[in-house]
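Undergrad: Sharing entry35.cif here; it has mmCIF, C-alpha atoms and all ligand atoms.
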data_entry
#
loop_
_atom_site.label_atom_id
_atom_site.label_comp_id
_atom_site.auth_asym_id
_atom_site.auth_seq_id
_atom_site.Cartn_x
_atom_site.Cartn_y
_atom_site.Cartn_z
CA MET G 1 -30.09 21.92 48.36
CA PRO G 2 -33.37 19.97 48.14
CA GLU G 3 -36.13 21.48 46.02
CA LEU G 4 -38.55 23.44 48.15
CA SER G 5 -42.22 24.21 47.72
CA ILE G 6 -43.64 27.60 48.62
CA GLY G 7 -45.08 26.05 51.77
CA SER G 8 -41.89 24.33 52.89
CA ALA G 9 -39.85 27.44 52.05
CA LEU G 10 -42.07 29.58 54.29
CA ALA G 11 -41.88 26.97 57.03
CA ALA G 12 -38.06 26.84 56.77
CA ALA G 13 -37.85 30.62 57.32
CA ARG G 14 -40.12 30.64 60.35
CA GLY G 15 -38.42 31.96 63.46
CA ARG G 16 -35.46 33.20 61.41
CA ILE G 17 -36.90 36.10 59.42
CA PRO G 18 -40.36 37.74 59.37
CA ALA G 19 -42.91 35.87 57.26
CA SER G 20 -43.60 39.02 55.21
CA GLU G 21 -39.95 39.09 54.13
CA ALA G 22 -39.90 35.38 53.28
CA ARG G 23 -42.94 36.02 51.06
CA MET G 24 -41.11 38.94 49.40
CA PHE G 25 -38.19 36.64 48.55
CA LEU G 26 -40.57 34.11 47.01
CA CYS G 27 -42.38 36.81 45.01
CA ARG G 28 -39.06 37.94 43.60
CA LEU G 29 -37.66 34.45 42.89
CA LEU G 30 -40.84 33.18 41.25
CA GLY G 31 -41.88 36.44 39.62
CA ILE G 32 -45.35 36.26 41.14
CA GLY G 33 -47.47 38.41 43.46
CA ALA G 34 -48.16 37.99 47.18
CA ALA G 35 -51.65 36.65 46.49
CA GLN G 36 -50.23 33.77 44.43
CA VAL G 37 -47.62 32.98 47.07
CA ALA G 38 -50.48 32.65 49.56
CA ALA G 39 -52.73 30.69 47.20
CA TYR G 40 -50.30 27.99 45.94
CA PRO G 41 -48.27 26.57 48.87
CA GLU G 42 -47.67 23.38 46.90
CA ARG G 43 -46.00 25.17 43.97
CA GLY G 44 -42.39 24.03 43.62
CA LEU G 45 -39.15 25.99 43.38
CA SER G 46 -36.34 24.83 41.11
CA THR G 47 -33.06 23.69 42.64
CA GLU G 48 -31.53 27.03 41.74
CA GLN G 49 -34.43 29.01 43.20
CA SER G 50 -34.30 26.91 46.34
CA SER G 51 -30.61 27.55 46.93
CA HIS G 52 -31.03 31.29 46.23
CA TYR G 53 -33.86 31.36 48.71
CA ALA G 54 -31.83 29.58 51.38
CA ALA G 55 -28.93 31.99 50.89
CA TRP G 56 -31.21 35.04 51.12
CA VAL G 57 -32.85 33.77 54.32
CA GLU G 58 -29.38 33.18 55.76
CA ARG G 59 -28.22 36.73 54.87
CA ARG G 60 -31.39 38.35 56.13
CA GLY G 61 -31.18 36.27 59.32
CA ALA G 62 -27.69 37.74 59.85
CA GLY G 63 -29.20 41.24 59.67
CA GLU G 64 -28.37 42.30 56.12
CA PRO G 65 -30.93 44.86 54.87
CA MET G 66 -33.67 43.63 52.53
CA ALA G 67 -32.78 46.41 50.09
CA TYR G 68 -29.22 45.15 49.68
CA ILE G 69 -30.30 41.52 49.30
CA LEU G 70 -32.94 42.39 46.71
CA GLY G 71 -30.71 45.11 45.22
CA GLU G 72 -33.42 47.73 45.08
CA ARG G 73 -35.67 50.08 47.06
CA GLU G 74 -38.62 52.20 46.03
CA PHE G 75 -38.41 55.98 46.33
CA TYR G 76 -41.15 58.39 45.27
CA GLY G 77 -42.85 55.58 43.36
CA ARG G 78 -39.81 54.45 41.38
CA ARG G 79 -37.44 51.53 41.82
CA PHE G 80 -33.85 52.47 42.55
CA LYS G 81 -31.00 50.00 42.40
CA VAL G 82 -28.97 50.02 45.59
CA SER G 83 -25.74 48.40 46.74
CA PRO G 84 -23.78 48.58 50.00
CA ALA G 85 -21.94 51.54 48.42
CA VAL G 86 -24.99 53.75 49.01
CA LEU G 87 -27.42 54.66 51.77
CA ILE G 88 -30.76 52.93 51.33
CA PRO G 89 -33.33 55.59 50.28
CA ARG G 90 -35.83 56.30 53.05
CA PRO G 91 -39.42 57.48 52.80
CA GLU G 92 -38.80 60.59 54.95
CA THR G 93 -36.39 61.90 52.33
CA GLU G 94 -39.30 62.17 49.85
CA LEU G 95 -40.26 65.28 51.83
CA ILE G 96 -37.45 67.24 50.13
CA VAL G 97 -38.94 66.48 46.71
CA ASP G 98 -42.33 67.84 47.83
CA LEU G 99 -40.77 70.96 49.36
CA VAL G 100 -38.85 71.74 46.16
CA ARG G 101 -41.96 71.23 44.03
CA GLU G 102 -43.92 73.62 46.26
CA ARG G 103 -41.26 76.28 45.76
CA ILE G 104 -40.80 76.04 41.99
CA GLY G 105 -43.31 78.81 41.35
CA SER G 106 -42.58 80.61 38.13
CA ARG G 107 -38.89 79.69 37.90
CA GLY G 108 -38.64 78.64 34.28
CA ALA G 109 -35.96 75.97 34.30
CA PRO G 110 -34.75 75.68 37.89
CA ARG G 111 -31.16 74.72 38.47
CA ILE G 112 -30.85 72.14 41.20
CA LEU G 113 -27.79 70.78 43.02
CA ASP G 114 -27.96 67.56 45.08
CA LEU G 115 -25.08 67.16 47.53
CA GLY G 116 -24.13 63.59 48.51
CA THR G 117 -26.48 61.98 46.05
CA GLY G 118 -25.73 58.35 46.99
CA SER G 119 -28.12 56.19 44.98
CA GLY G 120 -29.25 59.31 43.13
CA ALA G 121 -32.72 59.05 44.65
CA LEU G 122 -33.18 62.81 45.15
CA ALA G 123 -31.44 63.99 41.99
CA VAL G 124 -33.13 61.49 39.68
CA THR G 125 -36.57 62.03 41.23
CA LEU G 126 -36.27 65.82 40.97
CA ALA G 127 -35.14 65.56 37.35
CA LEU G 128 -38.14 63.36 36.50
CA GLU G 129 -40.74 65.26 38.55
CA ILE G 130 -39.60 68.65 37.24
CA PRO G 131 -38.81 67.90 33.58
CA GLU G 132 -37.55 71.40 32.80
CA ALA G 133 -35.10 71.36 35.73
CA ARG G 134 -31.37 71.12 35.18
CA VAL G 135 -29.98 68.84 37.85
CA THR G 136 -26.40 68.42 39.03
CA ALA G 137 -25.51 65.81 41.64
CA VAL G 138 -22.28 65.27 43.52
CA ASP G 139 -20.86 62.55 45.69
CA LEU G 140 -17.46 61.91 47.22
CA SER G 141 -17.68 58.19 46.46
CA PRO G 142 -17.01 56.93 42.91
CA ALA G 143 -18.82 53.70 43.78
CA ALA G 144 -21.91 55.66 44.82
CA LEU G 145 -21.74 57.75 41.64
CA ALA G 146 -21.70 54.55 39.57
CA VAL G 147 -24.93 53.43 41.26
CA ALA G 148 -26.51 56.88 40.78
CA HIS G 149 -25.46 56.93 37.11
CA GLY G 150 -27.09 53.55 36.59
CA ASN G 151 -30.33 54.74 38.19
CA ALA G 152 -30.42 57.91 36.10
CA ALA G 153 -29.89 55.86 32.95
CA SER G 154 -32.44 53.16 33.71
CA LEU G 155 -35.10 55.63 34.87
CA GLY G 156 -34.46 58.00 31.97
CA ALA G 157 -33.33 61.05 33.95
CA GLU G 158 -30.83 63.57 32.71
CA VAL G 159 -28.51 64.41 35.60
CA ARG G 160 -24.98 65.76 35.54
CA PHE G 161 -22.78 63.92 38.03
CA ILE G 162 -19.58 65.26 39.60
CA GLU G 163 -17.19 63.55 41.99
CA SER G 164 -16.83 66.13 44.72
CA ASP G 165 -16.33 66.63 48.44
CA TRP G 166 -19.50 68.74 48.93
CA PHE G 167 -18.91 71.97 46.96
CA ALA G 168 -15.18 71.44 46.37
CA ALA G 169 -15.41 70.44 42.69
CA VAL G 170 -18.72 72.14 41.83
CA ASP G 171 -17.89 74.32 38.85
CA ALA G 172 -21.04 76.44 38.66
CA THR G 173 -22.97 78.86 40.85
CA GLY G 174 -26.42 80.43 40.74
CA PHE G 175 -28.44 77.36 41.75
CA ASP G 176 -32.14 77.88 42.50
CA PHE G 177 -32.17 74.89 44.85
CA ILE G 178 -29.49 73.07 46.78
CA VAL G 179 -30.76 69.89 48.44
CA SER G 180 -28.98 67.34 50.60
CA ASN G 181 -29.54 64.31 52.76
CA PRO G 182 -26.09 64.42 54.35
CA PRO G 183 -24.73 62.21 57.11
CA TYR G 184 -26.07 63.58 60.40
CA ILE G 185 -25.74 60.89 63.06
CA ALA G 186 -23.33 61.49 65.96
CA ASP G 187 -20.16 59.36 65.66
CA GLU G 188 -20.81 57.55 68.95
CA ASP G 189 -24.59 57.16 68.54
CA PRO G 190 -25.49 53.56 69.54
CA HIS G 191 -28.13 53.66 66.76
CA LEU G 192 -25.22 53.03 64.34
CA ASN G 193 -24.89 49.50 65.74
CA ILE G 194 -28.53 48.48 65.27
CA GLY G 195 -30.46 47.17 62.28
CA ASP G 196 -29.92 48.17 58.65
CA VAL G 197 -27.50 51.04 59.34
CA ARG G 198 -24.78 48.56 60.42
CA PHE G 199 -24.48 47.56 56.77
CA GLU G 200 -24.65 51.04 55.25
CA PRO G 201 -21.59 53.19 54.40
CA ARG G 202 -20.45 54.93 57.58
CA THR G 203 -19.53 58.02 55.54
CA ALA G 204 -23.19 58.38 54.55
CA LEU G 205 -24.35 58.23 58.17
CA ALA G 206 -22.00 59.69 60.77
CA SER G 207 -20.76 63.25 60.96
CA GLY G 208 -18.71 64.25 63.96
CA PRO G 209 -19.40 64.32 67.70
CA ALA G 210 -22.89 65.89 67.36
CA GLY G 211 -23.64 64.70 63.82
CA LEU G 212 -23.57 68.31 62.65
CA ASP G 213 -20.16 68.61 60.95
CA ASP G 214 -21.41 68.18 57.38
CA LEU G 215 -24.64 70.14 57.89
CA ARG G 216 -22.55 73.01 59.26
CA ARG G 217 -20.22 72.94 56.28
CA ILE G 218 -23.05 72.83 53.77
CA VAL G 219 -24.87 75.77 55.38
CA ARG G 220 -21.68 77.82 55.49
CA GLU G 221 -20.69 77.20 51.89
CA ALA G 222 -24.10 77.15 50.20
CA PRO G 223 -24.80 80.91 49.92
CA ALA G 224 -21.95 81.35 47.42
CA PHE G 225 -23.53 78.71 45.15
CA LEU G 226 -27.15 79.89 45.38
CA ALA G 227 -28.88 82.42 43.17
CA PRO G 228 -30.56 85.29 45.03
CA GLY G 229 -33.91 83.89 46.17
CA GLY G 230 -32.52 80.35 45.94
CA TRP G 231 -33.33 77.74 48.58
CA LEU G 232 -31.18 75.39 50.62
CA LEU G 233 -33.05 72.32 51.96
CA MET G 234 -31.42 69.71 54.18
CA GLU G 235 -32.59 66.57 55.92
CA HIS G 236 -31.36 66.12 59.50
CA GLY G 237 -31.83 64.08 62.67
CA TYR G 238 -35.00 64.05 64.78
CA ASP G 239 -33.49 66.37 67.41
CA GLN G 240 -31.43 68.70 65.19
CA ALA G 241 -34.06 71.03 63.69
CA ALA G 242 -33.53 73.96 66.08
CA MET G 243 -29.75 73.75 65.66
CA VAL G 244 -29.97 73.61 61.87
CA ARG G 245 -32.36 76.58 61.82
CA ASP G 246 -29.84 78.51 63.96
CA LEU G 247 -27.07 77.64 61.50
CA LEU G 248 -29.22 78.86 58.60
CA VAL G 249 -30.08 82.14 60.34
CA SER G 250 -26.40 82.70 61.24
CA SER G 251 -25.45 82.25 57.58
CA GLY G 252 -27.93 84.96 56.57
CA PHE G 253 -30.76 82.76 55.28
CA GLN G 254 -34.32 84.08 55.44
CA GLU G 255 -37.72 82.41 55.72
CA VAL G 256 -35.99 79.72 57.78
CA ALA G 257 -38.32 76.91 58.84
CA SER G 258 -38.60 73.14 59.28
CA ALA G 259 -41.02 70.62 57.80
CA LEU G 260 -42.45 67.50 59.40
CA ASP G 261 -42.08 64.01 57.98
CA LEU G 262 -44.96 61.52 57.98
CA ALA G 263 -44.04 60.47 61.52
CA GLY G 264 -44.55 64.08 62.68
CA ILE G 265 -40.82 64.67 63.21
CA GLU G 266 -39.10 67.90 62.12
CA ARG G 267 -36.98 66.24 59.45
CA THR G 268 -36.00 68.87 56.91
CA SER G 269 -34.99 72.50 57.47
CA TYR G 270 -34.58 75.16 54.85
CA GLY G 271 -33.96 78.77 54.16
CA CYS G 272 -33.87 81.24 51.30
CA ARG G 273 -30.86 83.30 50.21
CA PRO G 274 -31.87 86.98 50.20
N1 LIG Q 301 -32.22 58.66 58.63
C1 LIG Q 301 -31.14 57.73 58.66
C2 LIG Q 301 -31.17 56.91 59.92
O1 LIG Q 301 -31.35 57.47 60.98
C3 LIG Q 301 -29.81 58.42 58.53
C4 LIG Q 301 -29.62 59.00 57.20
C5 LIG Q 301 -28.55 60.03 57.18
O2 LIG Q 301 -27.65 60.08 58.00
N2 LIG Q 301 -28.65 60.88 56.22
O3 LIG Q 301 -31.05 55.72 59.86
#
Let's see the structure in the file written out as structure tokens.
TA:
Amino acid sequence: MPELSIGSALAAARGRIPASEARMFLCRLLGIGAAQVAAYPERGLSTEQSSHYAAWVERRGAGEPMAYILGEREFYGRRFKVSPAVLIPRPETELIVDLVRERIGSRGAPRILDLGTGSGALAVTLALEIPEARVTAVDLSPAALAVAHGNAASLGAEVRFIESDWFAAVDATGFDFIVSNPPYIADEDPHLNIGDVRFEPRTALASGPAGLDDLRRIVREAPAFLAPGGWLLMEHGYDQAAMVRDLLVSSGFQEVASALDLAGIERTSYGCRP
């Protein structure tokens, strides 16, 4: 691998990956900001940096998500480590954090359960944003739990992790909040074959013929694990809000409603156990 300069590296990526992503790779490799990448095209990369760069451009050109190549993604203002064992945290999921914060009220030390924690983005963020909260997080995948553990440790959050198929191994009840970003895409949805999701764990994405299998199960089982007045909040697909509200009403939840994400899509639905 010949040694590249910033300018020749950007030129080599042209037509293969977006220029903004090539600049991100250079920022990371050289430990500098975007302004310096733009200002010093003649600055050289070492042989090692050059070959890393070439490999990253190759992987990105083949469609691999930026978050997996860089090994991290920001969520609610913090950097989370990610690997192909976990779903890449998405900005619309931050909505759940805001909705929980709005509902804390006078609950002294709320008990929170995160189902299918993946990278731990929701559980760790809630633990850090609500310092008096006691947070439990479950996932079916040991590999995902290892990633979540690492994030809790490096971000300084105290979270109790349990390997569990949804509620199956949860050994406590009386939660004030149960939150989840479960899989909710229909098994045959062509969206699963496009872009980043091709590289993400299928078990974190797809959930039966209508994408509702896991949402249904969570709504059905949640009341037994909630304290009276406790809330269940779940992310779902862009066209599933009415169905999820119906599920919540059928399970006896009250104050059932949906909240819009930043794109104006009904993205999270919730209800309160009477
Ligand atoms: N929102 C993600 C997507 O459509 C899916 C995440 C999920 O299934 N929980 O790519």
Undergrad: Using only C-alpha atoms and all ligand atoms, which residues have at least one atom no more than 8 Å from ligand LIG 301 (chain Q)? Output them as a count of residues only.
TA: 18
Undergrad: Sorted by chain and rising residue number, list the residues of segment 163-244 of chain G at most 12 Å from segment 132-156 of chain G (counting only C-alpha atoms), each with its closest atom pair and distance in Å to one decimal, as a tab-separated table.
TA:
residue	atom	partner	partner_atom	distance
G:Glu163	CA	G:Asp139	CA	5.3
G:Ser164	CA	G:Leu140	CA	4.9
G:Asp165	CA	G:Leu140	CA	5.0
G:Trp166	CA	G:Val138	CA	7.0
G:Phe167	CA	G:Val138	CA	8.3
G:Ala168	CA	G:Val138	CA	9.8
G:Ala169	CA	G:Val138	CA	8.6
G:Val170	CA	G:Val138	CA	7.9
G:Asp171	CA	G:Thr136	CA	10.4
G:Ala172	CA	G:Thr136	CA	9.7
G:Thr173	CA	G:Thr136	CA	11.1
G:Gly174	CA	G:Arg134	CA	11.9
G:Phe175	CA	G:Val135	CA	9.5
G:Asp176	CA	G:Ala133	CA	9.9
G:Phe177	CA	G:Val135	CA	9.5
G:Ile178	CA	G:Thr136	CA	9.6
G:Val179	CA	G:Ala137	CA	9.5
G:Ser180	CA	G:Ala137	CA	9.7
G:Asn181	CA	G:Asp139	CA	11.3
G:Pro182	CA	G:Asp139	CA	10.3
G:Glu200	CA	G:Ala144	CA	11.7
G:Pro201	CA	G:Ala144	CA	9.9
G:Arg202	CA	G:Ser141	CA	11.9
G:Thr203	CA	G:Ser141	CA	9.3
G:Ala204	CA	G:Ser141	CA	9.8
Undergrad: Suppose we keep C-alpha atoms; can you now write the selection as a PDB file, in the coordinates of the input?
TA:
ATOM      1  CA  GLU G 163     -17.190  63.550  41.990  1.00  0.00           C
ATOM      2  CA  SER G 164     -16.830  66.130  44.720  1.00  0.00           C
ATOM      3  CA  ASP G 165     -16.330  66.630  48.440  1.00  0.00           C
ATOM      4  CA  TRP G 166     -19.500  68.740  48.930  1.00  0.00           C
ATOM      5  CA  PHE G 167     -18.910  71.970  46.960  1.00  0.00           C
ATOM      6  CA  ALA G 168     -15.180  71.440  46.370  1.00  0.00           C
ATOM      7  CA  ALA G 169     -15.410  70.440  42.690  1.00  0.00           C
ATOM      8  CA  VAL G 170     -18.720  72.140  41.830  1.00  0.00           C
ATOM      9  CA  ASP G 171     -17.890  74.320  38.850  1.00  0.00           C
ATOM     10  CA  ALA G 172     -21.040  76.440  38.660  1.00  0.00           C
ATOM     11  CA  THR G 173     -22.970  78.860  40.850  1.00  0.00           C
ATOM     12  CA  GLY G 174     -26.420  80.430  40.740  1.00  0.00           C
ATOM     13  CA  PHE G 175     -28.440  77.360  41.750  1.00  0.00           C
ATOM     14  CA  ASP G 176     -32.140  77.880  42.500  1.00  0.00           C
ATOM     15  CA  PHE G 177     -32.170  74.890  44.850  1.00  0.00           C
ATOM     16  CA  ILE G 178     -29.490  73.070  46.780  1.00  0.00           C
ATOM     17  CA  VAL G 179     -30.760  69.890  48.440  1.00  0.00           C
ATOM     18  CA  SER G 180     -28.980  67.340  50.600  1.00  0.00           C
ATOM     19  CA  ASN G 181     -29.540  64.310  52.760  1.00  0.00           C
ATOM     20  CA  PRO G 182     -26.090  64.420  54.350  1.00  0.00           C
ATOM     21  CA  GLU G 200     -24.650  51.040  55.250  1.00  0.00           C
ATOM     22  CA  PRO G 201     -21.590  53.190  54.400  1.00  0.00           C
ATOM     23  CA  ARG G 202     -20.450  54.930  57.580  1.00  0.00           C
ATOM     24  CA  THR G 203     -19.530  58.020  55.540  1.00  0.00           C
ATOM     25  CA  ALA G 204     -23.190  58.380  54.550  1.00  0.00           C
TER      26      ALA G 204
END
Undergrad: Could you jot down the atom CA of Arg160 of chain G to atom CA of Ile112 of chain G separation for me, Å, one decimal place?
TA: 10.4 Å
Undergrad: Between G:Tyr238, G:Thr125, G:Ser251, G:Arg103, which residue has the minimum interatomic distance to Gly264 of chain G, considering only C-alpha atoms?
TA: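 Result for the nearest residue to Gly264 of chain G: G:Tyr238.
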Undergrad: Taking 6 positions as the minimum chain separation for residues in the same chain, which residues sit within 9 Å of Asp189 of chain G when counting only C-alpha atoms? Answer as a list in words.
TA: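 Non-adjacent residues within range: Ala206, Pro209, Ala210 and Gly211 of chain G.
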Undergrad: Nearest residue to Glu48 of chain G out of G:Cys272, G:Gly230, G:Leu99, G:Leu29, using all atoms listed in the file?
TA: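 Of all the options, G:Leu29 lies closest to Glu48 of chain G.
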Undergrad: When you look at Tyr40 of chain G with a cut-off of 10 Å (counting only C-alpha atoms), what residues show up, excluding the ones that are within fewer than 5 positions of it in the same chain? I need them as an MDAnalysis selection string.
TA: chainID G and resid 5:7 35
Undergrad: Leaving out Glu21 of chain G and any residue of its chain fewer than 6 positions from it, which residues lie within 9 Å of it when counting all atoms listed in the file, given as a list in words?
TA: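 So the residues in contact are Val57, Arg60 and Met66 of chain G.
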Undergrad: Okay, now the selection with C-alpha atoms, as a PDB file, in the frame of the given file?
TA:
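Output (part-v7.pdb):
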ATOM      1  CA  VAL G  57     -32.850  33.770  54.320  1.00  0.00           C
ATOM      2  CA  ARG G  60     -31.390  38.350  56.130  1.00  0.00           C
ATOM      3  CA  MET G  66     -33.670  43.630  52.530  1.00  0.00           C
TER       4      MET G  66
END
Undergrad: Which residue, G:Arg267, G:Arg78, G:Arg107, G:Arg198, has the smallest gap to Pro65 of chain G when you use only C-alpha atoms?
TA: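 Closest residue, counting only C-alpha atoms: G:Arg198.
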Undergrad: Rank nothing, just name the residue among G:Arg111, G:Lys81, G:Arg28, G:Arg216 nearest to Val159 of chain G, using all atoms listed in the file.
TA: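 Ranking G:Arg111, G:Lys81, G:Arg28, G:Arg216 by distance to Val159 of chain G, first place goes to G:Arg111.
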Undergrad: Distance atom CA of Gly31 of chain G-atom CA of Gly120 of chain G, one decimal place?
TA: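 Distance reported for this atom pair: 26.4 Å.
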Undergrad: Tell me, in Å to one decimal, how far atom CA of Asp239 of chain G is from atom CA of Arg217 of chain G.
TA: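 Between atom CA of Asp239 of chain G and atom CA of Arg217 of chain G the gap works out to 18.5 Å.
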Undergrad: Would you kindly identify which residues have an atom no farther than 8 Å from (-44.3, 21.2, 43.6), using all atoms listed in the file and the file's own coordinates, and write them out as a PyMOL selection string?
TA: chain G and resi 4-5+42-45
Undergrad: When you count only C-alpha atoms, which of these residues is closest to Glu255 of chain G: G:Leu233, G:Met243, G:Ala22, G:Ile17?
TA: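 Smallest separation from Glu255 of chain G among the options: G:Leu233.
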Undergrad: Given only C-alpha atoms as the basis, pick out the residue of G:Gly271, G:Gly71, G:Pro41, G:Gly61 nearest to Val100 of chain G.
TA: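 With only C-alpha atoms as the atom set, the closest residue is G:Gly271.
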Undergrad: Using all atoms listed in the file - which residues lie no farther than 12 Å from the point (-37.8, 39.6, 50.8) in the file's frame? Write them as a VMD selection string.
TA: chain G and resid 10 13 17 to 30 34 52 to 61 64 to 73
Undergrad: Okay, now the selection with C-alpha atoms, as a CSV table (one decimal), in the coordinates of the input?
TA:
chain,number,residue,atom,x,y,z
G,10,LEU,CA,-42.1,29.6,54.3
G,13,ALA,CA,-37.8,30.6,57.3
G,17,ILE,CA,-36.9,36.1,59.4
G,18,PRO,CA,-40.4,37.7,59.4
G,19,ALA,CA,-42.9,35.9,57.3
G,20,SER,CA,-43.6,39.0,55.2
G,21,GLU,CA,-40.0,39.1,54.1
G,22,ALA,CA,-39.9,35.4,53.3
G,23,ARG,CA,-42.9,36.0,51.1
G,24,MET,CA,-41.1,38.9,49.4
G,25,PHE,CA,-38.2,36.6,48.6
G,26,LEU,CA,-40.6,34.1,47.0
G,27,CYS,CA,-42.4,36.8,45.0
G,28,ARG,CA,-39.1,37.9,43.6
G,29,LEU,CA,-37.7,34.4,42.9
G,30,LEU,CA,-40.8,33.2,41.2
G,34,ALA,CA,-48.2,38.0,47.2
G,52,HIS,CA,-31.0,31.3,46.2
G,53,TYR,CA,-33.9,31.4,48.7
G,54,ALA,CA,-31.8,29.6,51.4
G,55,ALA,CA,-28.9,32.0,50.9
G,56,TRP,CA,-31.2,35.0,51.1
G,57,VAL,CA,-32.8,33.8,54.3
G,58,GLU,CA,-29.4,33.2,55.8
G,59,ARG,CA,-28.2,36.7,54.9
G,60,ARG,CA,-31.4,38.4,56.1
G,61,GLY,CA,-31.2,36.3,59.3
G,64,GLU,CA,-28.4,42.3,56.1
G,65,PRO,CA,-30.9,44.9,54.9
G,66,MET,CA,-33.7,43.6,52.5
G,67,ALA,CA,-32.8,46.4,50.1
G,68,TYR,CA,-29.2,45.2,49.7
G,69,ILE,CA,-30.3,41.5,49.3
G,70,LEU,CA,-32.9,42.4,46.7
G,71,GLY,CA,-30.7,45.1,45.2
G,72,GLU,CA,-33.4,47.7,45.1
G,73,ARG,CA,-35.7,50.1,47.1
Undergrad: Box time for segment 33-38 of chain G: axis-aligned, enclosing all its listed atoms, 8 Å extra on each side; report centre and edge lengths in Å to one decimal, as lines of an AutoDock Vina configuration file.
TA:
center_x = -49.6
center_y = 35.5
center_z = 46.5
size_x = 20.2
size_y = 21.8
size_z = 22.1
